[in-house]
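Trainee: So that we are looking at the same thing, I have put the structure below in C-alpha coordinates.
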Amino acid sequence: MSRRLPLPAALLSPALLIPALLLAGCTTAPGAADDGAAQPSASTAADGGDARPATVDGPHLVVAGLVFDPITDDVDPDGVCDGMAGRETLEVFDRAPWPELDVPAGGATMTCGNASGAGWRHIADGHTGDFGELADLVGAEWEDVAWFAIDRALEEPTRVEAYRDDIVNYDVLVELVDDEQVERSWMVTVGFGLGSEQIITSFPDEQH
(Lines give C-alpha, C1' and ligand atoms only; values in the text may rest on other atoms or scores of the structure.)
Protein backbone atom coordinates (compact mmCIF):
# COMPACT_ATOMS: atom_id res chain seq x y z
CA MET A 1 0.00 0.00 0.00
CA SER A 2 1.01 3.64 0.05
CA ARG A 3 4.03 4.87 1.96
CA ARG A 4 3.55 8.15 3.82
CA LEU A 5 6.57 10.45 3.98
CA PRO A 6 7.80 12.05 7.21
CA LEU A 7 6.91 15.69 7.79
CA PRO A 8 7.68 18.01 6.20
CA ALA A 9 6.66 16.39 2.89
CA ALA A 10 9.48 16.26 0.35
CA LEU A 11 9.51 18.75 -2.50
CA LEU A 12 9.92 17.39 -6.00
CA SER A 13 12.35 18.86 -8.50
CA PRO A 14 10.80 21.28 -11.00
CA ALA A 15 12.36 19.08 -13.69
CA LEU A 16 9.72 16.49 -12.90
CA LEU A 17 6.85 18.76 -13.88
CA ILE A 18 4.55 17.00 -16.34
CA PRO A 19 3.96 18.51 -19.79
CA ALA A 20 0.48 19.17 -21.12
CA LEU A 21 -1.26 15.86 -21.74
CA LEU A 22 -4.47 14.46 -23.07
CA LEU A 23 -5.20 11.28 -21.11
CA ALA A 24 -8.36 9.32 -21.90
CA GLY A 25 -10.44 12.48 -22.15
CA CYS A 26 -8.58 14.18 -19.30
CA THR A 27 -6.54 17.31 -20.16
CA THR A 28 -3.49 18.07 -18.04
CA ALA A 29 -0.96 20.89 -17.86
CA PRO A 30 1.66 21.83 -15.28
CA GLY A 31 0.91 24.28 -12.48
CA ALA A 32 1.55 25.16 -8.87
CA ALA A 33 -0.22 26.45 -5.75
CA ASP A 34 0.67 28.10 -2.46
CA ASP A 35 3.44 26.83 -0.22
CA GLY A 36 2.79 24.68 2.85
CA ALA A 37 3.49 21.24 4.29
CA ALA A 38 1.25 18.43 5.48
CA GLN A 39 0.05 14.99 4.49
CA PRO A 40 -3.17 12.97 4.56
CA SER A 41 -4.16 10.50 7.21
CA ALA A 42 -4.78 7.32 5.22
CA SER A 43 -5.55 3.84 6.49
CA THR A 44 -5.30 0.94 4.03
CA ALA A 45 -5.44 -2.82 4.15
CA ALA A 46 -1.70 -3.44 4.46
CA ASP A 47 -1.20 -0.90 7.24
CA GLY A 48 -0.83 -2.21 10.74
CA GLY A 49 -3.96 -1.70 12.78
CA ASP A 50 -6.32 -2.11 9.85
CA ALA A 51 -9.79 -2.76 11.25
CA ARG A 52 -11.47 -3.76 7.99
CA PRO A 53 -14.76 -5.57 8.78
CA ALA A 54 -14.86 -9.33 8.19
CA THR A 55 -18.39 -9.18 6.78
CA VAL A 56 -20.33 -6.42 5.08
CA ASP A 57 -24.10 -5.92 5.01
CA GLY A 58 -25.72 -4.04 2.17
CA PRO A 59 -24.15 -2.58 -0.97
CA HIS A 60 -20.35 -2.33 -0.87
CA LEU A 61 -17.43 -1.76 -3.23
CA VAL A 62 -14.89 -4.49 -3.91
CA VAL A 63 -11.59 -3.46 -5.49
CA ALA A 64 -8.97 -6.08 -6.40
CA GLY A 65 -10.24 -8.47 -3.73
CA LEU A 66 -10.58 -5.93 -0.90
CA VAL A 67 -13.80 -4.44 0.42
CA PHE A 68 -13.78 -0.66 0.67
CA ASP A 69 -14.67 0.51 4.18
CA PRO A 70 -15.58 4.20 4.71
CA ILE A 71 -14.11 4.16 8.23
CA THR A 72 -10.93 2.16 7.67
CA ASP A 73 -10.19 3.90 4.37
CA ASP A 74 -10.93 7.47 5.48
CA VAL A 75 -8.51 10.11 4.13
CA ASP A 76 -8.46 13.90 3.92
CA PRO A 77 -6.10 14.93 1.12
CA ASP A 78 -8.29 17.89 0.14
CA GLY A 79 -7.83 19.61 3.48
CA VAL A 80 -4.17 18.69 3.67
CA CYS A 81 -3.38 20.31 0.31
CA ASP A 82 -4.56 23.70 1.58
CA GLY A 83 -1.59 26.06 1.30
CA MET A 84 0.67 23.43 -0.24
CA ALA A 85 2.70 23.98 -3.41
CA GLY A 86 1.64 22.08 -6.51
CA ARG A 87 4.91 20.13 -6.58
CA GLU A 88 4.58 19.12 -2.92
CA THR A 89 4.47 15.35 -2.37
CA LEU A 90 1.18 14.27 -0.86
CA GLU A 91 1.80 10.50 -0.92
CA VAL A 92 4.04 7.87 -2.48
CA PHE A 93 2.10 4.75 -3.46
CA ASP A 94 3.62 1.33 -3.99
CA ARG A 95 3.39 0.36 -7.66
CA ALA A 96 3.38 -3.14 -9.15
CA PRO A 97 5.56 -4.12 -12.12
CA TRP A 98 4.08 -4.95 -15.52
CA PRO A 99 6.64 -7.08 -17.40
CA GLU A 100 4.62 -7.10 -20.64
CA LEU A 101 5.37 -3.40 -21.01
CA ASP A 102 8.82 -3.53 -19.36
CA VAL A 103 7.50 -1.45 -16.48
CA PRO A 104 9.43 -2.23 -13.27
CA ALA A 105 8.04 -2.08 -9.75
CA GLY A 106 8.53 1.17 -7.87
CA GLY A 107 6.65 4.11 -6.46
CA ALA A 108 4.02 6.49 -7.79
CA THR A 109 4.06 10.00 -6.36
CA MET A 110 0.84 11.91 -5.81
CA THR A 111 1.52 15.63 -5.73
CA CYS A 112 -0.99 18.28 -4.72
CA GLY A 113 -0.74 19.43 -8.31
CA ASN A 114 -2.94 21.96 -10.04
CA ALA A 115 -6.59 21.90 -11.12
CA SER A 116 -5.67 22.50 -14.76
CA GLY A 117 -2.61 20.29 -14.60
CA ALA A 118 -2.00 17.00 -12.81
CA GLY A 119 -2.02 15.49 -9.33
CA TRP A 120 -4.64 15.54 -6.58
CA ARG A 121 -6.07 18.99 -7.33
CA HIS A 122 -6.56 17.97 -10.95
CA ILE A 123 -8.42 14.82 -9.91
CA ALA A 124 -10.55 16.81 -7.47
CA ASP A 125 -11.36 19.48 -10.05
CA GLY A 126 -12.29 17.14 -12.88
CA HIS A 127 -13.51 13.93 -11.27
CA THR A 128 -15.12 14.67 -7.91
CA GLY A 129 -18.52 13.93 -9.41
CA ASP A 130 -17.31 10.74 -11.11
CA PHE A 131 -15.94 9.24 -7.91
CA GLY A 132 -18.84 10.78 -5.99
CA GLU A 133 -21.26 8.59 -7.92
CA LEU A 134 -19.53 5.48 -6.55
CA ALA A 135 -19.20 6.97 -3.07
CA ASP A 136 -22.90 7.85 -2.82
CA LEU A 137 -23.82 4.21 -3.44
CA VAL A 138 -22.05 3.13 -0.25
CA GLY A 139 -22.50 6.21 1.94
CA ALA A 140 -18.91 7.38 1.62
CA GLU A 141 -16.96 10.47 0.59
CA TRP A 142 -15.63 10.78 -2.94
CA GLU A 143 -12.02 11.27 -1.90
CA ASP A 144 -12.01 8.10 0.21
CA VAL A 145 -13.21 5.99 -2.73
CA ALA A 146 -10.77 7.69 -5.10
CA TRP A 147 -7.79 7.22 -2.78
CA PHE A 148 -8.62 3.56 -2.16
CA ALA A 149 -9.12 2.82 -5.87
CA ILE A 150 -5.88 4.59 -6.82
CA ASP A 151 -3.96 2.62 -4.22
CA ARG A 152 -5.44 -0.70 -5.39
CA ALA A 153 -4.94 0.11 -9.09
CA LEU A 154 -1.25 0.77 -8.57
CA GLU A 155 -0.61 -2.20 -6.31
CA GLU A 156 -3.01 -4.82 -7.75
CA PRO A 157 -3.90 -3.66 -11.27
CA THR A 158 -6.43 -5.52 -13.38
CA ARG A 159 -4.39 -4.45 -16.39
CA VAL A 160 -1.75 -1.93 -17.42
CA GLU A 161 -1.89 -0.35 -20.86
CA ALA A 162 0.46 1.95 -22.73
CA TYR A 163 -1.07 5.37 -23.37
CA ARG A 164 1.98 6.84 -25.06
CA ASP A 165 5.75 6.31 -24.83
CA ASP A 166 6.09 8.02 -21.45
CA ILE A 167 2.67 7.27 -19.90
CA VAL A 168 0.93 4.06 -18.86
CA ASN A 169 -2.56 3.59 -17.48
CA TYR A 170 -2.93 1.38 -14.40
CA ASP A 171 -6.53 0.09 -14.40
CA VAL A 172 -8.44 -1.71 -11.66
CA LEU A 173 -11.97 -3.15 -11.68
CA VAL A 174 -14.30 -1.75 -9.01
CA GLU A 175 -17.48 -3.73 -8.36
CA LEU A 176 -20.63 -2.75 -6.49
CA VAL A 177 -21.74 -5.90 -4.69
CA ASP A 178 -25.05 -6.45 -2.90
CA ASP A 179 -26.27 -9.76 -1.51
CA GLU A 180 -23.24 -11.45 -3.12
CA GLN A 181 -24.26 -10.22 -6.57
CA VAL A 182 -22.32 -7.72 -8.71
CA GLU A 183 -24.78 -4.93 -9.47
CA ARG A 184 -22.49 -2.49 -11.33
CA SER A 185 -18.81 -2.19 -12.18
CA TRP A 186 -16.30 0.48 -13.15
CA MET A 187 -12.75 0.46 -14.43
CA VAL A 188 -10.74 3.05 -12.51
CA THR A 189 -7.77 4.37 -14.48
CA VAL A 190 -4.65 5.88 -12.93
CA GLY A 191 -2.43 7.72 -15.41
CA PHE A 192 1.24 7.29 -14.45
CA GLY A 193 4.20 9.15 -15.94
CA LEU A 194 7.11 6.78 -16.52
CA GLY A 195 9.73 9.53 -16.52
CA SER A 196 8.37 11.63 -13.67
CA GLU A 197 7.04 8.67 -11.64
CA GLN A 198 4.07 10.92 -10.80
CA ILE A 199 0.34 10.27 -10.86
CA ILE A 200 -1.18 12.42 -13.57
CA THR A 201 -4.89 11.74 -13.10
CA SER A 202 -7.48 9.15 -12.11
CA PHE A 203 -11.12 8.59 -13.03
CA PRO A 204 -13.73 5.80 -13.13
CA ASP A 205 -15.43 4.53 -16.28
CA GLU A 206 -18.58 2.44 -15.84
CA GLN A 207 -18.52 -0.93 -17.61
CA HIS A 208 -21.53 -2.14 -19.56
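Residues are referred to by chain and number: the chain letter is A, B, ... according to the order shown in the C-alpha coordinates, the number counts from 1 in that chain, and ligands are numbered separately from 1 in the order shown.
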Name the residues in contact with range 174-189 of chain A at a cut-off of 8 Å, using only C-alpha atoms, excluding same-chain residues fewer than 2 positions from it; report them as a list in words.

Mentor: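 Using only C-alpha atoms, the neighbours found are Asp57, Gly58, Pro59, His60, Leu61, Val62, Val63, Ala64, Ala149, Ile150, Ala153, Asn169, Tyr170, Asp171, Val172, Gly191, Ser202, Phe203, Pro204, Asp205, Glu206, Gln207 and His208 of chain A.
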
Trainee: Report as a list in words all protein, DNA and RNA residues lying within 6 Å of range 109-112 of chain A, evaluated on only C-alpha atoms, omitting residues in the same chain fewer than 2 positions from it.

Mentor: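 So, after excluding close chain neighbours, the residues are Cys81, Gly86, Arg87, Glu88, Thr89, Leu90, Glu91, Val92, Gly119, Trp120, Arg121, Gln198 and Ile199 of chain A.
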
Trainee: Apply DSSP to the backbone of this structure and, from range 140-207 of chain A, keep only the residues in strand (DSSP E); write these as a PyMOL selection string.

Mentor: chain A and resi 159-164+167-178+181-193+199-206

Trainee: Between CA of Pro97 in chain A and CA of Phe192 in chain A, what is the distance, to one decimal in Å?

Mentor: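 For CA of Pro97 in chain A relative to CA of Phe192 in chain A, the distance reads 12.4 Å.
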
Trainee: Would you list the contacts of Arg164 in chain A as a ChimeraX atom specification, taking every protein, DNA or RNA residue within 10 Å and counting only C-alpha atoms, but skipping same-chain residues closer than 2 positions in sequence?

Mentor: /A:23,161-162,166-169,193-194

Trainee: Given the selection you just returned, output its residues as a file containing N, CA and C atoms, formatted as an mmCIF file, in the first residue's frame.

Mentor:
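Output file again.cif follows:
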```cif
data_model
loop_
_atom_site.group_PDB
_atom_site.id
_atom_site.type_symbol
_atom_site.label_atom_id
_atom_site.label_comp_id
_atom_site.auth_asym_id
_atom_site.auth_seq_id
_atom_site.Cartn_x
_atom_site.Cartn_y
_atom_site.Cartn_z
ATOM 1 N N LEU A 23 -5.205 12.651 -21.615
ATOM 2 C CA LEU A 23 -5.202 11.282 -21.111
ATOM 3 C C LEU A 23 -6.626 10.790 -20.996
ATOM 4 N N GLU A 161 -1.920 -0.596 -19.422
ATOM 5 C CA GLU A 161 -1.886 -0.350 -20.858
ATOM 6 C C GLU A 161 -1.032 0.873 -21.167
ATOM 7 N N ALA A 162 -0.323 0.800 -22.292
ATOM 8 C CA ALA A 162 0.463 1.954 -22.732
ATOM 9 C C ALA A 162 -0.478 3.018 -23.283
ATOM 10 N N ASP A 166 5.679 7.674 -22.799
ATOM 11 C CA ASP A 166 6.095 8.022 -21.447
ATOM 12 C C ASP A 166 4.964 7.940 -20.417
ATOM 13 N N ILE A 167 3.816 7.370 -20.805
ATOM 14 C CA ILE A 167 2.672 7.269 -19.902
ATOM 15 C C ILE A 167 2.037 5.887 -20.015
ATOM 16 N N VAL A 168 1.720 5.297 -18.875
ATOM 17 C CA VAL A 168 0.933 4.061 -18.857
ATOM 18 C C VAL A 168 -0.282 4.282 -17.976
ATOM 19 N N ASN A 169 -1.344 3.551 -18.277
ATOM 20 C CA ASN A 169 -2.562 3.586 -17.475
ATOM 21 C C ASN A 169 -2.659 2.324 -16.638
ATOM 22 N N GLY A 193 3.105 8.712 -15.083
ATOM 23 C CA GLY A 193 4.204 9.153 -15.942
ATOM 24 C C GLY A 193 5.458 8.341 -15.683
ATOM 25 N N LEU A 194 5.945 7.652 -16.684
ATOM 26 C CA LEU A 194 7.115 6.783 -16.519
ATOM 27 C C LEU A 194 8.373 7.579 -16.185
#
```

Trainee: So which one's closest to Val160 in chain A, A:Asp102, A:Asp136, A:Glu143, A:Asp74? Using only C-alpha atoms, please.

Mentor: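 When distances to Val160 in chain A are compared using only C-alpha atoms, the smallest one comes from A:Asp102.
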
Trainee: Near Trp142 in chain A, counting only C-alpha atoms, which residues have an atom at most 8 Å away, once you skip same-chain residues fewer than 2 positions from it, shown as a PyMOL selection string?

Mentor: chain A and resi 128-129+131-136+140+144-146

Trainee: Taking only C-alpha atoms into account, which of A:Tyr163, A:Trp98, A:Phe93, A:Phe148 comes nearest Asp73 in chain A?

Mentor: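 Residue with the minimum atom-to-atom distance to Asp73 in chain A: A:Phe148.
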
Trainee: Point out the residue among A:Asp151, A:Leu137, A:Leu173, A:Thr201 with the least atom-to-atom distance to Gly107 in chain A, counting only C-alpha atoms.

Mentor: A:Asp151

Trainee: Please compute the CA of Arg52 in chain A-CA of Asp69 in chain A distance, one decimal, in Å.

Mentor: 6.6 Å

Trainee: Between CA of Thr158 in chain A and CA of Ile123 in chain A, what is the distance, to one decimal in Å?

Mentor: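 Between CA of Thr158 in chain A and CA of Ile123 in chain A the gap is 20.7 Å.
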